[in-house]
Structure formats: structure tokens, C-alpha cells
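Novice: One file is attached below, entry33.txt, containing compact mmCIF, C-alpha atoms.
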```txt
# COMPACT_ATOMS: atom_id res chain seq x y z
CA GLN I 1070 173.13 49.73 186.33
CA VAL I 1071 169.71 51.19 187.11
CA GLN I 1072 168.81 54.07 189.41
CA LEU I 1073 165.26 54.27 190.71
CA VAL I 1074 163.62 57.41 192.11
CA GLU I 1075 160.29 57.22 193.92
CA SER I 1076 157.87 60.08 194.48
CA GLY I 1077 154.27 60.66 195.47
CA GLY I 1078 154.26 59.70 199.11
CA GLY I 1079 152.68 61.82 201.81
CA LEU I 1080 150.11 62.06 204.57
CA VAL I 1081 146.53 61.04 203.79
CA GLN I 1082 143.44 60.22 205.81
CA ALA I 1083 142.05 56.72 205.94
CA GLY I 1084 139.95 56.03 202.87
CA GLY I 1085 141.99 58.39 200.74
CA SER I 1086 144.20 57.74 197.73
CA LEU I 1087 147.78 58.29 196.65
CA ARG I 1088 149.70 57.48 193.50
CA LEU I 1089 153.36 56.59 193.80
CA SER I 1090 155.75 56.91 190.88
CA CYS I 1091 159.07 55.19 190.29
CA THR I 1092 161.20 56.55 187.47
CA ALA I 1093 164.17 54.57 186.22
CA SER I 1094 167.42 55.96 184.83
CA ARG I 1095 167.20 53.68 181.78
CA SER I 1096 164.57 52.19 179.56
CA ILE I 1097 162.36 49.70 181.36
CA SER I 1098 160.71 48.31 178.24
CA SER I 1099 162.91 45.21 178.34
CA ILE I 1100 162.81 44.82 182.13
CA ASN I 1101 160.24 42.24 183.15
CA THR I 1102 160.41 42.48 186.90
CA MET I 1103 159.38 45.81 188.43
CA ALA I 1104 157.95 45.81 191.92
CA TRP I 1105 156.83 47.84 194.90
CA TYR I 1106 157.74 46.80 198.42
CA ARG I 1107 156.99 48.44 201.74
CA GLN I 1108 158.47 48.44 205.21
CA ALA I 1109 156.49 49.50 208.25
CA PRO I 1110 158.22 50.54 211.49
CA GLY I 1111 159.60 47.52 213.31
CA LYS I 1112 158.67 45.14 210.49
CA GLY I 1113 160.43 43.48 207.62
CA ARG I 1114 160.18 44.57 203.99
CA GLU I 1115 157.22 42.99 202.22
CA LEU I 1116 156.22 42.69 198.58
CA VAL I 1117 153.19 44.83 197.72
CA ALA I 1118 152.80 44.46 193.96
CA ARG I 1119 154.90 43.49 190.96
CA PHE I 1120 155.15 42.93 187.25
CA THR I 1121 156.75 39.73 186.10
CA VAL I 1122 157.31 38.06 182.72
CA GLY I 1123 154.65 38.93 180.16
CA SER I 1124 153.51 41.91 182.23
CA THR I 1125 151.73 39.60 184.63
CA THR I 1126 150.82 41.38 187.85
CA SER I 1127 150.57 40.03 191.37
CA TYR I 1128 149.58 41.61 194.67
CA ALA I 1129 149.86 40.99 198.37
CA ASP I 1130 146.56 39.73 199.76
CA SER I 1131 146.37 42.76 202.03
CA VAL I 1132 146.18 45.19 199.07
CA LYS I 1133 144.23 43.22 196.46
CA GLY I 1134 141.32 45.23 195.11
CA ARG I 1135 142.72 48.47 196.52
CA PHE I 1136 146.15 48.91 194.87
CA THR I 1137 147.00 48.80 191.18
CA ILE I 1138 150.46 48.61 189.65
CA SER I 1139 150.95 50.01 186.16
CA ARG I 1140 153.80 51.06 183.92
CA ASP I 1141 154.52 53.57 181.19
CA ASN I 1142 157.53 52.30 179.28
CA ALA I 1143 157.77 55.53 177.27
CA LYS I 1144 158.35 57.42 180.54
CA ASN I 1145 160.48 54.70 182.16
CA THR I 1146 158.03 54.86 185.05
CA VAL I 1147 156.10 52.40 187.17
CA TYR I 1148 153.15 53.54 189.24
CA LEU I 1149 151.32 52.30 192.30
CA GLN I 1150 147.78 53.62 192.60
CA MET I 1151 146.64 53.17 196.17
CA ASN I 1152 142.94 53.58 196.98
CA SER I 1153 140.91 53.05 200.15
CA LEU I 1154 144.04 53.51 202.22
CA LYS I 1155 144.14 52.16 205.75
CA PRO I 1156 146.34 53.10 208.71
CA GLU I 1157 148.06 49.72 208.38
CA ASP I 1158 149.29 50.80 204.93
CA THR I 1159 151.59 53.28 206.66
CA ALA I 1160 155.15 52.43 205.62
CA VAL I 1161 158.10 53.46 203.52
CA TYR I 1162 157.43 52.28 199.99
CA TYR I 1163 160.32 51.14 197.82
CA CYS I 1164 160.60 50.54 194.11
CA ASN I 1165 162.59 47.48 193.06
CA THR I 1166 163.84 45.89 189.90
CA TYR I 1167 166.14 43.06 188.93
CA TRP I 1168 168.49 43.78 186.01
CA GLY I 1169 171.41 41.48 186.54
CA SER I 1170 171.41 42.68 190.13
CA ASN I 1171 168.79 43.83 192.58
CA TYR I 1172 168.19 47.59 192.55
CA TRP I 1173 166.22 49.69 195.05
CA GLY I 1174 165.03 53.25 195.20
CA GLN I 1175 165.51 55.44 198.25
CA GLY I 1176 161.90 54.99 199.37
CA THR I 1177 158.96 57.33 199.87
CA GLN I 1178 157.01 57.65 203.11
CA VAL I 1179 153.27 56.98 203.12
CA THR I 1180 151.40 57.84 206.29
CA VAL I 1181 147.70 57.07 206.66
CA SER I 1182 145.94 58.70 209.59
CA SER I 1183 142.82 57.22 211.19
```
Taking this structure as input, can you express it in the form of C-alpha cells?

Specialist:
Amino acid sequence: QVQLVESGGGLVQAGGSLRLSCTASRSISSINTMAWYRQAPGKGRELVARFTVGSTTSYADSVKGRFTISRDNAKNTVYLQMNSLKPEDTAVYYCNTYWGSNYWGQGTQVTVSS
């Protein structure tokens, strides 16, 4: 079993930056799939960025060039650096991993004001 705890959300003006953190309750060094999703009000949950096998990264088209996913296996933590934030990035951001089962964090709110 894996518990995920997100942090780093908040209120920021358009054009600003935030860095989200997701810390796992166990070592993530052998976990290939670590991802960030988001859910805006009235919308479904969408994939933002993820690591897959071989530490390959992929991003939603809407965040390419602005967001960067990274990981520190020694700290059991995955990060999401978000730059040039836009009001449409406003959402609850969730950390996700698959380790036999799908695991989710509790989410962290990101609000971008115009």
C-alpha cells in the first residue's frame, strides 16, 4: 500500500509559479508510474504530467513548455514545477501512482487569478 501527500498549492497571479510536492509513504525508486492529475470545477479529472517506464515523461498539450515533472527518489517525492500559470490552470491537483492498485493523494488546490 502507498499513501501520497501533496503540498505546495495556493493562490497565485497569472504568470506566476508554484511547485507542488507529492511525498510517498514508501520508496518510489522502483515505482515507474508517478503522475499528476488535476480536476477543475465541473470538469473531469485530467492527466497533467507523468513518469512512465525508464523515467520517460509526458505532458498534457495544455501544459507543455510550462510545467515540469521531476522526482527525488531519495526523498520519496515527486514534484510539479508550474511556470507561466494561467487562470485555466485553476484546479485541485492530485498525485497518482500505480503499485498493484491505483493510489491517489488528497489533492491540493491551485488557484490562478487573472

Novice: Determine, counting only C-alpha atoms, which protein, DNA and RNA residues have an atom within 12 Å of an atom of Thr1146 (chain I); residues of the same chain fewer than 2 positions away are not included. Present the result as a ChimeraX atom specification.

Specialist: /I:1072-1076,1089-1098,1100,1103-1104,1138-1144,1148-1149,1164-1166

Novice: What's the 8 Å shell around region 1118-1120 of chain I, counting only C-alpha atoms, without same-chain residues fewer than 2 positions away, as an MDAnalysis selection string?

Specialist: chainID I and resid 1101:1106 1116 1122 1124:1129 1137:1138

Novice: Next, write the just-selected residues to a file, as a PDB file, keeping the file's coordinate frame, keeping C-alpha atoms as the atom set.

Specialist:
```
ATOM      1  CA  ASN I1101     160.240  42.240 183.150  1.00  0.00           C
ATOM      2  CA  THR I1102     160.410  42.480 186.900  1.00  0.00           C
ATOM      3  CA  MET I1103     159.380  45.810 188.430  1.00  0.00           C
ATOM      4  CA  ALA I1104     157.950  45.810 191.920  1.00  0.00           C
ATOM      5  CA  TRP I1105     156.830  47.840 194.900  1.00  0.00           C
ATOM      6  CA  TYR I1106     157.740  46.800 198.420  1.00  0.00           C
ATOM      7  CA  LEU I1116     156.220  42.690 198.580  1.00  0.00           C
ATOM      8  CA  VAL I1122     157.310  38.060 182.720  1.00  0.00           C
ATOM      9  CA  SER I1124     153.510  41.910 182.230  1.00  0.00           C
ATOM     10  CA  THR I1125     151.730  39.600 184.630  1.00  0.00           C
ATOM     11  CA  THR I1126     150.820  41.380 187.850  1.00  0.00           C
ATOM     12  CA  SER I1127     150.570  40.030 191.370  1.00  0.00           C
ATOM     13  CA  TYR I1128     149.580  41.610 194.670  1.00  0.00           C
ATOM     14  CA  ALA I1129     149.860  40.990 198.370  1.00  0.00           C
ATOM     15  CA  THR I1137     147.000  48.800 191.180  1.00  0.00           C
ATOM     16  CA  ILE I1138     150.460  48.610 189.650  1.00  0.00           C
TER      17      ILE I1138
END
```

Novice: Applying 8 Å and all atoms listed in the file, which residues near region 1077-1087 of chain I remain after dropping the ones on its own chain fewer than 5 positions away? List them as a list in words.

Specialist: Gln1150, Met1151, Asn1152, Ser1153, Leu1154, Lys1155, Pro1156, Thr1177, Gln1178, Val1179, Thr1180, Val1181, Ser1182 and Ser1183 of chain I

Novice: Looking at all atoms listed in the file, which of I:Phe1136, I:Ser1131, I:Asn1171, I:Pro1110 is the one that sits closest to Gln1070 (chain I)?

Specialist: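 Residue with the minimum atom-to-atom distance to Gln1070 (chain I): I:Asn1171.
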
Novice: I'd like the interatomic distance between CA of Arg1107 (chain I) and CA of Tyr1163 (chain I), to a tenth of an Å.

Specialist: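 Atom-to-atom, CA of Arg1107 (chain I) and CA of Tyr1163 (chain I) are spaced 5.8 Å apart.
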
Novice: Kindly give the distance, in Å, that separates CA of Lys1133 (chain I) and CA of Tyr1172 (chain I), rounded to a single decimal.

Specialist: 24.7 Å

Novice: Would you work out the distance separating CA of Trp1168 (chain I) from CA of Ala1109 (chain I), expressed in Å to one decimal?

Specialist: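 CA of Ala1109 (chain I) lies at a distance of 25.9 Å from CA of Trp1168 (chain I).
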
Novice: Would you compute the box with edges along x, y and z of the file around region 1104-1109 of chain I, including every atom the file lists for it and 5 Å extra on each side, and give its centre and edge lengths in Å to one decimal, as AutoDock Vina command-line options?

Specialist:
```
--center_x 157.5 --center_y 47.7 --center_z 200.1 --size_x 12.0 --size_y 13.7 --size_z 26.3
```

Novice: Using only C-alpha atoms, which of I:Arg1135, I:Gly1169, I:Thr1121, I:Asp1158 sits nearest Gln1108 (chain I)?

Specialist: I:Asp1158

Novice: Between I:Tyr1167, I:Gly1176, I:Glu1157, I:Val1117, which one has atoms that come closest to Ser1099 (chain I), using only C-alpha atoms?

Specialist: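 That would be I:Tyr1167, the residue with the smallest distance to Ser1099 (chain I).
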